[in-house]
$ cat input-v1.csv   # CSV, C-alpha atoms
chain,number,residue,atom,x,y,z
O,359,MET,CA,83.8,-83.9,-0.1
O,360,LEU,CA,85.7,-80.6,-0.1
O,361,ALA,CA,83.4,-79.2,-2.7
O,362,SER,CA,80.4,-80.4,-0.8
O,363,ALA,CA,81.7,-78.8,2.4
O,364,ARG,CA,82.3,-75.5,0.6
O,365,THR,CA,78.8,-75.6,-0.8
O,366,ARG,CA,77.3,-76.2,2.6
O,367,LEU,CA,79.3,-73.3,4.0
O,368,ALA,CA,78.2,-71.0,1.2
O,369,LEU,CA,74.6,-72.0,1.7
O,370,GLY,CA,74.9,-71.4,5.5
O,371,LEU,CA,76.4,-68.0,5.0
O,372,ALA,CA,73.6,-67.1,2.5
O,373,ALA,CA,70.9,-68.3,4.9
O,374,ALA,CA,72.5,-66.2,7.7
O,375,LEU,CA,72.6,-63.1,5.6
O,376,ALA,CA,69.0,-63.6,4.5
O,377,ALA,CA,67.9,-64.1,8.1
O,378,THR,CA,69.8,-60.9,9.1
O,379,GLY,CA,68.2,-59.0,6.2
O,380,ALA,CA,64.8,-60.3,7.2
O,381,VAL,CA,65.2,-59.2,10.8
O,382,SER,CA,66.4,-55.7,9.6
O,383,LEU,CA,63.5,-55.4,7.2
O,384,ALA,CA,61.1,-56.5,9.9
O,385,ARG,CA,62.6,-53.9,12.3
O,386,ALA,CA,62.1,-51.2,9.7
O,387,GLN,CA,58.6,-52.3,8.9
O,388,THR,CA,57.7,-52.3,12.6
O,389,ALA,CA,59.4,-49.0,13.3
O,390,PRO,CA,57.0,-46.1,13.8
O,391,ARG,CA,55.7,-44.8,10.5
O,392,ALA,CA,54.8,-41.4,11.8
O,393,MET,CA,57.5,-39.0,13.0
O,394,LYS,CA,57.1,-37.3,16.3
O,395,ILE,CA,56.0,-33.8,15.4
O,396,GLU,CA,58.3,-31.3,17.2
O,397,PRO,CA,56.3,-28.1,18.3
O,398,VAL,CA,59.2,-25.8,17.2
O,399,SER,CA,60.1,-26.0,13.5
O,400,LEU,CA,62.5,-23.1,13.4
O,401,ASP,CA,63.9,-20.9,16.1
O,402,ASN,CA,66.6,-18.3,15.5
O,403,ALA,CA,67.3,-14.6,16.4
O,404,TYR,CA,64.7,-13.4,14.0
O,405,VAL,CA,61.7,-15.7,14.1
O,406,ARG,CA,60.1,-18.6,15.9
O,407,VAL,CA,58.0,-21.0,13.8
O,408,SER,CA,55.8,-23.4,15.7
O,409,ARG,CA,53.7,-26.3,14.3
O,410,ASP,CA,50.2,-27.0,15.4
O,411,THR,CA,50.7,-24.9,18.5
O,412,ALA,CA,50.4,-21.1,19.0
O,413,PRO,CA,52.6,-19.9,21.9
O,414,CYS,CA,52.1,-16.4,20.7
O,415,ALA,CA,48.4,-16.4,20.4
O,416,ARG,CA,48.1,-13.9,23.2
O,417,ALA,CA,49.7,-10.6,22.3
O,418,GLU,CA,52.5,-9.6,24.6
O,419,PRO,CA,54.7,-6.5,24.2
O,420,GLY,CA,58.4,-7.4,23.6
O,421,ARG,CA,57.7,-11.0,22.9
O,422,CYS,CA,54.6,-11.6,20.8
O,423,GLU,CA,54.0,-8.8,18.4
O,424,ASP,CA,53.9,-9.4,14.6
O,425,ARG,CA,52.7,-13.0,13.9
O,426,VAL,CA,51.3,-15.0,11.0
O,427,ILE,CA,49.2,-18.1,11.0
O,428,LEU,CA,49.7,-20.3,7.9
O,429,ALA,CA,47.0,-23.0,7.4
O,430,MET,CA,48.3,-26.3,6.1
O,431,GLY,CA,44.8,-27.7,5.8
O,432,ASP,CA,41.2,-26.9,6.7
O,433,LEU,CA,40.9,-25.1,10.1
O,434,GLN,CA,39.0,-22.5,12.0
O,435,LEU,CA,40.7,-19.5,13.5
O,436,GLU,CA,38.9,-17.3,16.1
O,437,THR,CA,39.8,-13.7,16.8
O,438,ALA,CA,37.9,-10.9,18.4
O,439,GLY,CA,34.8,-13.1,18.6
O,440,ARG,CA,34.8,-13.9,14.9
O,441,VAL,CA,35.5,-17.3,13.4
O,442,ARG,CA,37.4,-17.5,10.1
O,443,LYS,CA,37.4,-20.7,8.0
O,444,MET,CA,40.8,-21.2,6.4
O,445,LYS,CA,42.2,-23.6,3.7
O,446,ARG,CA,45.7,-24.8,2.9
O,447,ALA,CA,48.1,-21.9,2.1
O,448,GLU,CA,45.8,-19.2,3.4
O,449,ILE,CA,47.2,-16.8,6.0
O,450,ALA,CA,46.1,-14.5,8.8
O,451,VAL,CA,48.4,-11.7,9.9
O,452,PHE,CA,48.3,-10.3,13.4
O,453,ARG,CA,49.9,-7.0,14.6
O,454,ALA,CA,51.1,-6.0,18.0
O,455,GLY,CA,48.2,-6.0,20.4
O,456,ASP,CA,46.1,-8.5,18.4
O,457,SER,CA,45.3,-11.8,20.1
O,458,TYR,CA,43.6,-14.9,18.8
O,459,GLU,CA,42.5,-18.4,19.9
O,460,PRO,CA,44.8,-21.3,18.8
O,461,PRO,CA,43.0,-23.5,16.3
O,462,LYS,CA,41.5,-26.5,18.1
O,463,SER,CA,42.1,-28.8,15.1
O,464,GLY,CA,43.9,-28.9,11.8
O,465,THR,CA,47.5,-28.4,10.8
O,466,TYR,CA,49.1,-25.0,10.8
O,467,TYR,CA,52.2,-22.9,11.5
O,468,GLU,CA,52.6,-19.9,13.7
O,469,ILE,CA,55.4,-17.6,12.5
O,470,ALA,CA,56.3,-15.1,15.2
O,471,ILE,CA,58.7,-12.3,14.4
O,472,LYS,CA,60.9,-11.6,17.3
O,473,PRO,CA,60.9,-8.0,18.5
O,474,GLY,CA,64.4,-6.4,18.6
O,475,HIS,CA,65.9,-8.9,16.2
O,476,PRO,CA,69.3,-8.2,14.6
O,477,PRO,CA,69.5,-6.0,11.5
O,478,ILE,CA,68.1,-7.6,8.4
O,479,LYS,CA,70.7,-8.9,5.9
O,480,SER,CA,70.0,-8.1,2.2
O,481,PRO,CA,71.9,-8.8,-1.0
O,482,PRO,CA,74.0,-6.0,-2.7
O,483,GLU,CA,71.3,-5.8,-5.4
O,484,ILE,CA,67.6,-5.6,-4.9
O,485,ILE,CA,65.9,-7.3,-7.9
O,486,ALA,CA,62.2,-8.3,-7.5
O,487,PRO,CA,61.5,-11.9,-8.4
O,488,PRO,CA,58.9,-12.3,-11.1
O,489,LYS,CA,56.1,-14.9,-11.4
O,490,ASN,CA,55.3,-15.0,-7.7
O,491,LEU,CA,51.9,-14.3,-6.1
O,492,ALA,CA,51.9,-11.4,-3.7
O,493,VAL,CA,49.8,-12.1,-0.6
O,494,PHE,CA,50.7,-9.4,2.0
O,495,GLN,CA,52.7,-6.2,2.2
O,496,GLY,CA,53.8,-4.8,5.5
O,497,ALA,CA,56.2,-2.1,6.8
O,498,LYS,CA,58.9,-4.6,7.8
O,499,PHE,CA,58.1,-7.8,5.8
O,500,PHE,CA,56.0,-9.1,2.9
O,501,ILE,CA,54.5,-12.5,2.2
O,502,TYR,CA,54.1,-14.2,-1.1
O,503,GLU,CA,53.6,-17.6,-2.7
O,504,GLU,CA,56.7,-18.6,-4.5
O,505,LYS,CA,55.5,-20.3,-7.8
O,506,LEU,CA,57.3,-21.8,-10.7
O,507,ALA,CA,55.9,-24.2,-13.3
O,508,VAL,CA,57.7,-27.4,-14.3
O,509,GLY,CA,60.5,-26.5,-16.8
O,510,ASP,CA,60.1,-22.8,-16.2
O,511,THR,CA,62.9,-20.4,-15.3
O,512,ARG,CA,62.9,-17.4,-13.1
O,513,ALA,CA,65.2,-14.7,-14.4
O,514,ARG,CA,68.0,-13.3,-12.2
O,515,HIS,CA,66.6,-11.9,-9.0
O,516,SER,CA,67.4,-11.4,-5.3
O,517,HIS,CA,66.1,-12.1,-1.8
O,518,SER,CA,66.7,-10.8,1.7
O,519,GLN,CA,66.6,-13.1,4.7
O,520,ARG,CA,63.3,-15.0,4.7
O,521,VAL,CA,61.3,-17.9,6.0
O,522,GLU,CA,60.4,-20.6,3.5
O,523,ILE,CA,57.6,-23.2,4.2
O,524,ARG,CA,57.1,-25.7,1.4
O,525,LEU,CA,53.5,-26.1,0.3
O,526,ASN,CA,54.2,-28.5,-2.5
O,527,ASN,CA,56.7,-31.1,-1.3
O,528,GLY,CA,56.9,-33.5,-4.2
O,529,PRO,CA,58.4,-36.9,-3.5
O,530,MET,CA,59.4,-37.2,0.2
O,531,LEU,CA,61.4,-40.0,1.8
O,532,HIS,CA,60.9,-41.1,5.4
O,533,GLN,CA,64.3,-42.7,6.3
O,534,TRP,CA,65.2,-45.3,8.9
O,535,VAL,CA,69.0,-45.0,9.3
O,536,TRP,CA,70.8,-47.8,11.2
O,537,LYS,CA,73.5,-46.5,13.7
O,538,GLY,CA,74.7,-49.7,15.4
O,539,GLU,CA,71.7,-51.0,17.4
O,540,GLU,CA,69.8,-47.7,17.1
O,541,ILE,CA,67.5,-46.7,14.3
O,542,ALA,CA,67.3,-42.9,13.6
O,543,GLU,CA,64.4,-41.5,11.6
O,544,SER,CA,64.4,-38.4,9.4
O,545,GLU,CA,62.2,-36.5,6.9
O,546,PRO,CA,63.0,-33.6,4.6
O,547,ASN,CA,62.7,-30.1,6.1
O,548,ILE,CA,59.5,-28.3,5.3
O,549,VAL,CA,60.4,-25.1,7.2
O,550,ASN,CA,63.7,-23.4,6.2
O,551,TRP,CA,65.5,-20.2,6.9
O,552,ARG,CA,67.1,-18.7,3.9
O,553,GLU,CA,70.0,-16.2,3.7
O,554,PRO,CA,70.3,-13.3,1.2
O,555,ILE,CA,71.0,-14.4,-2.4
O,556,VAL,CA,71.1,-13.2,-6.0
O,557,HIS,CA,70.3,-16.1,-8.4
O,558,GLU,CA,68.4,-17.5,-11.3
O,559,VAL,CA,66.4,-20.7,-10.9
O,560,LYS,CA,64.9,-23.3,-13.1
O,561,ASN,CA,62.3,-25.9,-12.0
O,562,ILE,CA,63.8,-29.3,-13.2
O,563,GLY,CA,61.4,-31.3,-11.1
O,564,SER,CA,58.2,-33.1,-12.0
O,565,GLN,CA,55.9,-30.8,-9.9
O,566,PRO,CA,55.3,-27.1,-9.8
O,567,LEU,CA,57.2,-25.2,-7.1
O,568,ARG,CA,54.9,-23.7,-4.5
O,569,ASN,CA,56.3,-22.2,-1.3
O,570,PHE,CA,55.1,-19.8,1.4
O,571,ILE,CA,57.7,-17.0,1.8
O,572,LEU,CA,57.9,-14.4,4.5
O,573,GLU,CA,60.7,-12.1,3.4
O,574,PHE,CA,62.0,-9.2,5.4
O,575,LEU,CA,62.3,-5.8,3.7
O,576,PRO,CA,65.7,-4.3,3.3
O,577,GLN,CA,66.5,-1.9,6.1
O,578,LYS,CA,67.1,1.7,5.1

$ encode --input "input-v1.csv" --output "structure tokens"
Amino acid sequence: MLASARTRLALGLAAALAATGAVSLARAQTAPRAMKIEPVSLDNAYVRVSRDTAPCARAEPGRCEDRVILAMGDLQLETAGRVRKMKRAEIAVFRAGDSYEPPKSGTYYEIAIKPGHPPIKSPPEIIAPPKNLAVFQGAKFFIYEEKLAVGDTRARHSHSQRVEIRLNNGPMLHQWVWKGEEIAESEPNIVNWREPIVHEVKNIGSQPLRNFILEFLPQK
């Protein structure tokens, strides 16, 4: 009888745990699959990066001067009465005084460099990184695609402060994290701010590295 009671108790506990797990799984499966897209991806003393919105489309002295549009898919960008068709990873650079119409559809980032930002920080050694694709060279910053094949190594090099936007994300996990009765959601950052560094890197992943980089030039 005692053994039978213990068996019934164990079965009851197992059933309760299974039910709890089923409810938790159901909650996760019914939780929204799509994250709410925040319009501001990065905002610091140097830059403001906006996603799928262009608050600096209209040039404004002291606020909206140097700007870059990075296409993350097919879109059309209109400026000065001309329409330019853009594909993923293509950029359009706008100087002070230049305005444009925000794209009406498609995914993109607007990178606006803040006028009067603090002095740029650079590493003690300036060593150009090899194997990257140069895209734009300006007086204050330059843009390139950071590339590195699977298993490849980039020899010792350096970077100043820069904006990094991942073009090839590889495996990405959308997480549902339980905090008591609340469920928090998160995804890996696509837009990052990087500080000065001197390093050597190797791609140990399963996909080629591909990033958009806007890097500030060292100040003289």

$ residues_around --input "input-v1.csv" --residues "region 556-566 of chain O" --least-positions-apart "5" --cutoff "6 Å" --atoms "only C-alpha atoms" --output "list in words"
Leu506, Ala507, Val508, Gly509, Asp510, Thr511, Arg512, Ala513, Arg514, His515 and Ser516 of chain O

$ write_last_selection --input "input-v1.csv" --atoms "C-alpha atoms" --output "PDB file, keeping the file's coordinate frame"
ATOM      1  CA  LEU O 506      57.300 -21.800 -10.700  1.00  0.00           C
ATOM      2  CA  ALA O 507      55.900 -24.200 -13.300  1.00  0.00           C
ATOM      3  CA  VAL O 508      57.700 -27.400 -14.300  1.00  0.00           C
ATOM      4  CA  GLY O 509      60.500 -26.500 -16.800  1.00  0.00           C
ATOM      5  CA  ASP O 510      60.100 -22.800 -16.200  1.00  0.00           C
ATOM      6  CA  THR O 511      62.900 -20.400 -15.300  1.00  0.00           C
ATOM      7  CA  ARG O 512      62.900 -17.400 -13.100  1.00  0.00           C
ATOM      8  CA  ALA O 513      65.200 -14.700 -14.400  1.00  0.00           C
ATOM      9  CA  ARG O 514      68.000 -13.300 -12.200  1.00  0.00           C
ATOM     10  CA  HIS O 515      66.600 -11.900  -9.000  1.00  0.00           C
ATOM     11  CA  SER O 516      67.400 -11.400  -5.300  1.00  0.00           C
TER      12      SER O 516
END

$ atom_distance --input "input-v1.csv" --atom1 "CA of Ser463 (chain O)" --atom2 "CA of Pro397 (chain O)"
14.6 Å

$ residues_around --input "input-v1.csv" --residues "Ser480 (chain O)" --least-positions-apart "3" --cutoff "8 Å" --atoms "all atoms listed in the file" --output "PyMOL selection string"
chain O and resi 484+517-519+554-555+576

$ atom_distance --input "input-v1.csv" --atom1 "CA of Lys578 (chain O)" --atom2 "CA of Ala497 (chain O)"
11.7 Å

$ residues_around --input "input-v1.csv" --residues "Ala492 (chain O)" --least-positions-apart "6" --cutoff "10 Å" --atoms "all atoms listed in the file" --output "list in words"
Phe500, Ile501, Tyr502, Glu503, Glu504 and Ile571 of chain O

$ residues_around --input "input-v1.csv" --residues "Ser457 (chain O)" --least-positions-apart "3" --cutoff "7 Å" --atoms "all atoms listed in the file" --output "MDAnalysis selection string"
chainID O and resid 415:417 437

$ write_last_selection --input "input-v1.csv" --atoms "C-alpha atoms" --output "PDB file, keeping the file's coordinate frame"
ATOM      1  CA  ALA O 415      48.400 -16.400  20.400  1.00  0.00           C
ATOM      2  CA  ARG O 416      48.100 -13.900  23.200  1.00  0.00           C
ATOM      3  CA  ALA O 417      49.700 -10.600  22.300  1.00  0.00           C
ATOM      4  CA  THR O 437      39.800 -13.700  16.800  1.00  0.00           C
TER       5      THR O 437
END

$ closest_residue --input "input-v1.csv" --among "O:Arg568, O:Lys498, O:Arg446, O:Arg406" --to "Gly464 (chain O)" --atoms "only C-alpha atoms"
O:Arg446

$ residues_near_point --input "input-v1.csv" --point "(40.3, -20.1, 12.2)" --cutoff "7 Å" --atoms "all atoms listed in the file" --output "list in words"
Leu433, Gln434, Leu435, Glu436, Val441, Arg442, Lys443, Met444 and Pro461 of chain O

$ write_last_selection --input "input-v1.csv" --atoms "C-alpha atoms" --output "CSV table (one decimal), in the frame of the given file"
chain,number,residue,atom,x,y,z
O,433,LEU,CA,40.9,-25.1,10.1
O,434,GLN,CA,39.0,-22.5,12.0
O,435,LEU,CA,40.7,-19.5,13.5
O,436,GLU,CA,38.9,-17.3,16.1
O,441,VAL,CA,35.5,-17.3,13.4
O,442,ARG,CA,37.4,-17.5,10.1
O,443,LYS,CA,37.4,-20.7,8.0
O,444,MET,CA,40.8,-21.2,6.4
O,461,PRO,CA,43.0,-23.5,16.3

$ closest_residue --input "input-v1.csv" --among "O:Ile471, O:Val407, O:Ala412, O:Leu491" --to "Ile548 (chain O)" --atoms "all atoms listed in the file"
O:Val407

$ residues_around --input "input-v1.csv" --residues "Pro477 (chain O)" --least-positions-apart "2" --cutoff "8 Å" --atoms "all atoms listed in the file" --output "short mmCIF file (atom, residue, chain, number, x, y, z; two decimals) with C-alpha atoms, keeping the file's coordinate frame"
data_model
loop_
_atom_site.label_atom_id
_atom_site.label_comp_id
_atom_site.auth_asym_id
_atom_site.auth_seq_id
_atom_site.Cartn_x
_atom_site.Cartn_y
_atom_site.Cartn_z
CA HIS O 475 65.90 -8.90 16.20
CA LYS O 479 70.70 -8.90 5.90
CA GLN O 577 66.50 -1.90 6.10
#

$ atom_distance --input "input-v1.csv" --atom1 "CA of Gly431 (chain O)" --atom2 "CA of Ile449 (chain O)"
11.2 Å
